[in-house]
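**Q** Input: one structure, supplied below.
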Amino acid sequence: MNAVEIEEAVTELAELPFDGERFPYQFLEAFGNKEATIKRLRAGATNRSDIGGVLQTNNIHIAVASSGDVSATLARLKASPATTKAKAKFVLATDGTMLEAEDLDSGETISCDYADFPNHFGFFLPLAGITTVKQVRDSAFDIRATSRLNRLYLQLLKDNPEWGAAERRHDMNHFMARLIFCFFAEHTGIFNDAGLFTNTVDQMSAKDSSNTHDVIETLFRAMNTKPTERIAEALPRWAVAFPYVNGGLFSGLPNVPLFSRIARSYFLSIGALPWTKINPDIFGSMIQAVADAEERESLGMHYTSVPNILKVLDPLLLDDLRSQLKEAEANSRKLFNLRNRMARIRVFDPACGSGNFLVIAYKEMRAIEAEIDQRRGEPGRASAIPLTNFRGIELRDFAAEIARLALIIAEFQCDVLYRGKQLALAEFLPLDAQNWITRGNALSLDWLTICPPTGTGVRLRADDLFSTPLDQAQIDFENEGGETYICGNPPYQGTRGQSDAVKSDIGRVFSSRTDKWKILDYVAAWFMKAAEYATATESAAAFVATTSICQGEQVAVLWPLLFEAGQKLAFAHTAFHWANLARGNAGVTVVILGISSQSRTRRLIRSAADGSVSEMQVPNISPYLVPGSDMVVAARSVSIAGLPPMARGNSPTDGGHLLLDSNDIEALGLTAEQEREFLRPFVGGQALIDGNPRFCLWIDDKAADHAAQIPSIRDRIDRVRRFRLESKKASTVKAARWPHRFDERKPLSETPLICVPITTSQSRAYLPAGLVPGGTVVSNNAFTLPGRVLWPLALILSRLNLAWVAAVCVRKRMDYRYTNRLAWNALPVPPLTGKMKEDMKRSAELILMTRETYFPATLADLYSPRGLPRDLQAAHDANDEVVERLYIGRRFKNDSERLEHLLGLYSKMIVRKSGGESGKMAAER
Ligand SMILES: C[S@@+](CC[C@H](N)C(=O)[O-])C[C@H]1O[C@@H](n2cnc3c(N)ncnc32)[C@H](O)[C@@H]1O
């Protein structure tokens, strides 16, 4: 269960009549305990309570108190030996009127009316295994509001099924945005009287809900009627108290769906929430999920946290503004200049969702401006930072609505904070009627029209902003000129599973620039658009991105195009884990990349696993995110250094029917001679690491008829044929013609093979490559080299090689994906003499022999993240000594030095290969 779902469940529980007998179980259920767990507790099998309550080990001890005895019961729970023995984290006592609880780790307590305990749901979240509790607690209001609005949204769709259809979706979204505005406005003084909106609906609509929609429609009409037109509009007296709001939000038809009794009661309960506590950045991200059937399940729990947003915005623009502020000290003129500079800054998020990056950028800039006003002795001065300088493009209708609303709320909150409520209220209404969040596809829109470089665009005051045709979306920036900062967290989407629409978006941006665009992730297109935009106007951009655009084959496709457009990496936050609160979502590994044609400083930023951040200023950042040149490494079909060819193993495509474990072999019932003829050891990358070899049927074409006479083998061959015939791939169907053998197979080597697994964990200090005996079939999840010459193994097993693989190969989750085209064929190696090869052979042999002494330990055991056995480590050190001396005559100091050197050598070798023509970009694109 995610936090929103728990809030919903807890709220529902508090609304039920209190049942002391059932309460402990209902409570545990609300926090995600499964039915079977509850059953066992009820039956007493797992209930460890010694005072007649319910005690769940490692979790909570609950007791229902007799009336008025809650505090004493809580004390008994705390003192109970069973509580300590079962390592309970919480104790909770209630009599159905009061509820008290204590977090036994932190000593924090709550004491509240029973009906109010859902307000403290964040307190209990560790019970549901939600550990990012602080983040959730900080946004407790946003979670509650999202949960309630979600219930209302679903109920309204139930009451008005036609509003769920595509044609009415915009109406529904717009209606919800209006409601949210009204709830906020009635709690913050914008509607003069506290609770005016909810109270009016409560009083003027019938309890049976039959005219609720009429009442709300009338109120919306009032908010769309200018003071001068009110008499003509003949508004009822109870609606006249509502101010003119419009700003596009209330223009057009009032459009309100019908309310059932339940919907009306949900509506009233939402109005009772403390809306002043809204965080427009977090709330926006959560609430947008409500309108999206696919996302509704996660209810915005994947929202981007403020610290993560700042990882983009700080190095992009805020650090610079803050350092200018610091440097200005109390110098009035410098402060004034900074104030003016900020008034002309535009922030543009071309995948803005609900506008969280824009909201945070706005709030942070307002904070700096407020500090300037303080230092200049002008506290409370009107802000010069125009909200409309914070632009966005968003594909989804509701998110775009919410983005604009979130910015409006942020502006109001900043005005209250820095100028006082009175001034904030005086200038808030009517809302500005300009459209600065464009709904549309960022990859088909011209960013220069959305965010024009000069003030010559069409000034548009739309009547219904969100229906405004896109080609008219241009409006002037206030305080024109200035700098533009493009930022955001665009969709990533690797090549797998890209929809046709996504593919055509990528093609639209890249196909005129490169014919290799099909290997690019979706996010790459945002970088290209930003680079293109920067050729027309001064700008810098930073996006959160997938690590894969800085690894593997994408590098050589994307980065030269960005460099050609005049862009360089201004900063890079190297790979880090981007966790979120969505259920079943372990988060993703991302990088943050800032590009610019202007930047003088280049910052390489790293987040360690413990959250600490370190930073280096470097002369240049390579697209592999290390200090280095703009060199890119291209995939090659032959080794740049003349190394022996490395081939991929054999691909069975057999539905598992040609592969055998020892039971399968027994079941085949072959004679010893038949086994010798048709069975071979079979090793894949993982099996090599885990020391878990299997066998396979390996039947020569010439012996196919003979093999098919053996019924057990024939049966397997038939299954392979059927499996291949059922495939959707034409090449696999074709392979049904040779069902006795692997789909793709290489000649079997009778001599040993060097075997390199394709996938290997990043936690290992070396690649777990090894030697397999002659006659072994290696699967297609490993690469092979003839093992007759052993010296190449010294290179493969070196630390230097791992540094290379880590940089140029793709990483998938916590694994490297080795490829011969990049890792081996592009590996730069200095010319090797016979003596050098002999030294390398010996050091590789020493590693293999040292491994042998640990038999039957597997490579997984020997190369565990905890470290290698001491003598094996010594053998690797000796090997590294031999290999690294080839490059620089000594050991490298660290992996960064290794990689810098390798990239430099690669660059020289490429230049030499291409006849010395232009060094930098000659990498075979
Ligand atoms: C990963 S979300 C980021 C949103 C927000 N900044 C956040 O952190 O939650 C990406 C957003 O891009 C939007 N999007 C996807 N494709 C788009 C496109 N082609 N043009 C504009 N927006 C797009 C999605 O609807 C989504 O809101």
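Ordered as shown in the structure tokens, chains take letters A, B, and onward, while each chain numbers its residues from 1 and ligands are numbered from 1 in the order shown.
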Using DSSP on the backbone coordinates, identify the residues of range 245-415 of chain A assigned to helix (DSSP H, G or I); present them as a PyMOL selection string.
**A** chain A and resi 261-271+275-277+280-291+293-296+306-328+332-343+356-375+387-389+397-415
**Q** Name the residues in contact with Val557 in chain A at a cut-off of 8 Å, using only C-alpha atoms, excluding same-chain residues fewer than 5 positions from it; report them as a PDB file with N, CA, C and O atoms, in the first residue's frame.
**A**
ATOM      1  N   THR A 514      20.959  12.258 -37.971  1.00  0.00           N
ATOM      2  CA  THR A 514      21.692  10.994 -37.918  1.00  0.00           C
ATOM      3  C   THR A 514      20.763   9.847 -38.318  1.00  0.00           C
ATOM      4  O   THR A 514      19.565   9.897 -38.037  1.00  0.00           O
ATOM      5  N   LYS A 516      21.233   6.947 -37.077  1.00  0.00           N
ATOM      6  CA  LYS A 516      21.294   5.969 -35.984  1.00  0.00           C
ATOM      7  C   LYS A 516      20.366   6.338 -34.834  1.00  0.00           C
ATOM      8  O   LYS A 516      20.536   5.874 -33.713  1.00  0.00           O
ATOM      9  N   TRP A 517      19.394   7.201 -35.087  1.00  0.00           N
ATOM     10  CA  TRP A 517      18.568   7.736 -34.006  1.00  0.00           C
ATOM     11  C   TRP A 517      17.724   6.685 -33.306  1.00  0.00           C
ATOM     12  O   TRP A 517      17.277   6.877 -32.182  1.00  0.00           O
ATOM     13  N   LEU A 520      18.384   5.727 -29.673  1.00  0.00           N
ATOM     14  CA  LEU A 520      18.384   6.753 -28.618  1.00  0.00           C
ATOM     15  C   LEU A 520      17.183   6.628 -27.675  1.00  0.00           C
ATOM     16  O   LEU A 520      16.078   6.265 -28.095  1.00  0.00           O
ATOM     17  N   ARG A 925      31.371   7.801 -36.395  1.00  0.00           N
ATOM     18  CA  ARG A 925      29.968   7.929 -36.076  1.00  0.00           C
ATOM     19  C   ARG A 925      29.155   7.180 -37.089  1.00  0.00           C
ATOM     20  O   ARG A 925      29.493   7.130 -38.238  1.00  0.00           O
TER      21      ARG A 925
END
**Q** Which one of A:Ile143, A:Leu273, A:Ala426, A:Val523 sits closest to ligand 1 if you count only C-alpha atoms and all ligand atoms?
**A** A:Val523
**Q** Identify, counting only C-alpha atoms and all ligand atoms, the protein, DNA and RNA residues located within 6 Å of ligand 1, and give them as JSON, numbers by chain.
**A** {"A": [285, 303, 304, 351, 352, 353, 356, 357, 393, 394, 395, 396, 440, 441, 442, 443, 488, 489, 490, 491]}
**Q** Excluding Ala570 in chain A and any residue of its chain fewer than 2 positions from it, enumerate the residues within 10 Å of it, using only C-alpha atoms, and give them as a ChimeraX atom specification.
**A** /A:315-316,540-542,567-568,572,593-604,618,620-621
**Q** Please produce a file of the residues just selected, as an mmCIF file, in the first residue's frame, where the atoms kept are N, CA and C atoms.
**A**
data_model
loop_
_atom_site.group_PDB
_atom_site.id
_atom_site.type_symbol
_atom_site.label_atom_id
_atom_site.label_comp_id
_atom_site.auth_asym_id
_atom_site.auth_seq_id
_atom_site.Cartn_x
_atom_site.Cartn_y
_atom_site.Cartn_z
ATOM 1 N N PRO A 315 22.713 23.823 -9.654
ATOM 2 C CA PRO A 315 23.850 24.107 -10.538
ATOM 3 C C PRO A 315 23.436 24.825 -11.822
ATOM 4 N N LEU A 316 22.192 24.694 -12.221
ATOM 5 C CA LEU A 316 21.768 25.352 -13.462
ATOM 6 C C LEU A 316 21.732 26.866 -13.283
ATOM 7 N N ALA A 540 20.730 28.030 -21.151
ATOM 8 C CA ALA A 540 21.424 26.846 -20.637
ATOM 9 C C ALA A 540 20.333 25.870 -20.247
ATOM 10 N N ALA A 541 20.657 24.588 -20.264
ATOM 11 C CA ALA A 541 19.618 23.587 -19.978
ATOM 12 C C ALA A 541 20.154 22.523 -19.048
ATOM 13 N N ALA A 542 19.275 21.948 -18.241
ATOM 14 C CA ALA A 542 19.654 20.797 -17.399
ATOM 15 C C ALA A 542 18.443 19.901 -17.234
ATOM 16 N N GLN A 567 27.160 23.049 -27.874
ATOM 17 C CA GLN A 567 26.927 22.799 -26.449
ATOM 18 C C GLN A 567 28.075 22.016 -25.830
ATOM 19 N N LYS A 568 28.276 22.239 -24.545
ATOM 20 C CA LYS A 568 29.254 21.458 -23.771
ATOM 21 C C LYS A 568 28.583 21.075 -22.468
ATOM 22 N N ALA A 572 27.613 17.985 -14.447
ATOM 23 C CA ALA A 572 27.008 16.645 -14.494
ATOM 24 C C ALA A 572 26.937 16.115 -13.083
ATOM 25 N N LEU A 593 22.249 16.271 -16.199
ATOM 26 C CA LEU A 593 23.229 16.834 -17.111
ATOM 27 C C LEU A 593 22.859 18.262 -17.449
ATOM 28 N N GLY A 594 23.820 19.167 -17.261
ATOM 29 C CA GLY A 594 23.606 20.560 -17.634
ATOM 30 C C GLY A 594 24.427 20.867 -18.870
ATOM 31 N N ILE A 595 23.782 21.409 -19.902
ATOM 32 C CA ILE A 595 24.539 21.761 -21.108
ATOM 33 C C ILE A 595 24.416 23.253 -21.375
ATOM 34 N N SER A 596 25.461 23.785 -21.963
ATOM 35 C CA SER A 596 25.441 25.218 -22.236
ATOM 36 C C SER A 596 26.554 25.533 -23.221
ATOM 37 N N SER A 597 26.410 26.636 -23.923
ATOM 38 C CA SER A 597 27.505 27.053 -24.803
ATOM 39 C C SER A 597 28.346 28.127 -24.109
ATOM 40 N N GLN A 598 27.888 28.542 -22.930
ATOM 41 C CA GLN A 598 28.511 29.701 -22.296
ATOM 42 C C GLN A 598 29.414 29.353 -21.113
ATOM 43 N N SER A 599 29.068 28.289 -20.419
ATOM 44 C CA SER A 599 29.599 28.101 -19.074
ATOM 45 C C SER A 599 31.130 28.159 -19.000
ATOM 46 N N ARG A 600 31.620 28.888 -18.016
ATOM 47 C CA ARG A 600 33.063 28.947 -17.821
ATOM 48 C C ARG A 600 33.512 27.862 -16.840
ATOM 49 N N THR A 601 32.657 27.549 -15.874
ATOM 50 C CA THR A 601 33.033 26.505 -14.922
ATOM 51 C C THR A 601 32.420 25.179 -15.348
ATOM 52 N N ARG A 602 33.097 24.116 -15.030
ATOM 53 C CA ARG A 602 32.544 22.779 -15.323
ATOM 54 C C ARG A 602 32.558 21.985 -14.028
ATOM 55 N N ARG A 603 31.389 21.577 -13.612
ATOM 56 C CA ARG A 603 31.276 20.959 -12.284
ATOM 57 C C ARG A 603 30.852 19.501 -12.406
ATOM 58 N N LEU A 604 31.666 18.653 -11.807
ATOM 59 C CA LEU A 604 31.357 17.228 -11.783
ATOM 60 C C LEU A 604 30.913 16.894 -10.355
ATOM 61 N N VAL A 618 36.412 20.917 -13.102
ATOM 62 C CA VAL A 618 37.345 20.295 -14.046
ATOM 63 C C VAL A 618 37.392 21.140 -15.323
ATOM 64 N N ASN A 620 37.149 20.161 -18.402
ATOM 65 C CA ASN A 620 36.124 19.724 -19.360
ATOM 66 C C ASN A 620 35.496 18.428 -18.847
ATOM 67 N N ILE A 621 34.207 18.251 -19.160
ATOM 68 C CA ILE A 621 33.548 17.004 -18.747
ATOM 69 C C ILE A 621 33.294 16.172 -19.996
#
**Q** Which polymer residues have any atom within 12 Å of an atom of Pro830 in chain A, counting only C-alpha atoms, with same-chain residues fewer than 6 positions away left out, as a list of chain:residue names?
**A** A:Ile640, A:Ala641, A:Gly642, A:Leu643, A:Leu795, A:Met836, A:Lys837, A:Val883, A:Glu884, A:Arg885, A:Leu886, A:Tyr887, A:Ile888, A:Gly889, A:His901, A:Leu902, A:Gly904, A:Leu905, A:Tyr906, A:Lys908, A:Met909
**Q** Please provide as a PyMOL selection string all residues within 12 Å of Glu102 in chain A, with the sequence filter that same-chain residues fewer than 3 positions apart are discarded (counting only C-alpha atoms).
**A** chain A and resi 60-62+71+74-75+77-78+88-93+99+105-111+120+123-124
**Q** Create the file for the chosen residues now, containing C-alpha atoms and written as an mmCIF file, in the first residue's frame.
**A**
data_model
loop_
_atom_site.group_PDB
_atom_site.id
_atom_site.type_symbol
_atom_site.label_atom_id
_atom_site.label_comp_id
_atom_site.auth_asym_id
_atom_site.auth_seq_id
_atom_site.Cartn_x
_atom_site.Cartn_y
_atom_site.Cartn_z
ATOM 1 C CA ILE A 60 2.900 -2.828 17.375
ATOM 2 C CA HIS A 61 1.179 -3.663 20.650
ATOM 3 C CA ILE A 62 -2.449 -2.478 20.652
ATOM 4 C CA SER A 71 -3.428 6.723 29.403
ATOM 5 C CA LEU A 74 -0.825 2.889 27.264
ATOM 6 C CA ALA A 75 1.427 2.811 30.326
ATOM 7 C CA LEU A 77 1.453 -1.576 27.160
ATOM 8 C CA LYS A 78 4.794 0.178 27.538
ATOM 9 C CA ALA A 88 7.369 -3.728 19.173
ATOM 10 C CA LYS A 89 7.997 -0.351 17.542
ATOM 11 C CA PHE A 90 4.728 1.226 18.670
ATOM 12 C CA VAL A 91 2.194 0.947 21.462
ATOM 13 C CA LEU A 92 -1.372 2.175 20.971
ATOM 14 C CA ALA A 93 -4.356 2.382 23.316
ATOM 15 C CA LEU A 99 -6.444 7.502 21.172
ATOM 16 C CA ASP A 105 12.195 4.182 19.034
ATOM 17 C CA SER A 106 11.912 7.951 18.997
ATOM 18 C CA GLY A 107 9.804 8.428 22.128
ATOM 19 C CA GLU A 108 7.394 10.579 20.095
ATOM 20 C CA THR A 109 3.789 10.384 21.298
ATOM 21 C CA ILE A 110 0.361 11.334 20.047
ATOM 22 C CA SER A 111 -2.831 11.886 21.984
ATOM 23 C CA HIS A 120 -1.680 11.393 12.449
ATOM 24 C CA PHE A 123 3.162 8.864 12.583
ATOM 25 C CA PHE A 124 2.356 5.197 12.011
#
**Q** What gap, in Å, lies between CA of Arg76 in chain A and CA of Asp103 in chain A?
**A** 14.8 Å
**Q** Considering only C-alpha atoms, return as a PyMOL selection string whatever protein or nucleic-acid residues lie within 9 Å of Trp698 in chain A, sequence-local ones (same chain, fewer than 4 positions apart) excluded.
**A** chain A and resi 658+677-680+740-742+777
**Q** Please report the interatomic distance between CA of Val245 in chain A and CA of Asp292 in chain A in Å with one decimal.
**A** 27.4 Å
**Q** Excluding Phe723 in chain A and its own-chain neighbours fewer than 4 positions away, which residues fall within 8 Å of it when counting only C-alpha atoms? Please give them as a list in words.
**A**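 Contacts, in chain order: Asp654, Gly655, Arg719 and Ser727 of chain A.
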**Q** Okay, now the selection with N, CA and C atoms, as a PDB file, in the first residue's frame?
**A**
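Saved as out_35.pdb:
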ATOM      1  N   ASP A 654      15.306 -22.239 -28.212  1.00  0.00           N
ATOM      2  CA  ASP A 654      14.832 -23.625 -28.233  1.00  0.00           C
ATOM      3  C   ASP A 654      13.697 -23.887 -27.253  1.00  0.00           C
ATOM      4  N   GLY A 655      13.222 -22.842 -26.576  1.00  0.00           N
ATOM      5  CA  GLY A 655      12.191 -23.045 -25.554  1.00  0.00           C
ATOM      6  C   GLY A 655      12.725 -23.894 -24.414  1.00  0.00           C
ATOM      7  N   ARG A 719       9.659 -30.721 -30.047  1.00  0.00           N
ATOM      8  CA  ARG A 719       9.237 -29.564 -29.219  1.00  0.00           C
ATOM      9  C   ARG A 719       9.928 -28.281 -29.675  1.00  0.00           C
ATOM     10  N   SER A 727       6.677 -18.858 -33.033  1.00  0.00           N
ATOM     11  CA  SER A 727       7.263 -17.527 -32.809  1.00  0.00           C
ATOM     12  C   SER A 727       6.677 -16.500 -33.781  1.00  0.00           C
TER      13      SER A 727
END
**Q** Mind the document's chain letters and residue numbers, and return as number ranges by chain the residues of range 51-293 of chain A that DSSP labels strand (DSSP E or B).
**A** A: 54-56, 60-64, 90-94, 98-103, 109-113
**Q** With distances taken over only C-alpha atoms, which residue among A:Leu325, A:Arg890, A:Gln554, A:Ile262 lies nearest Lys158 in chain A?
**A**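 Smallest distance to Lys158 in chain A is found for A:Ile262.
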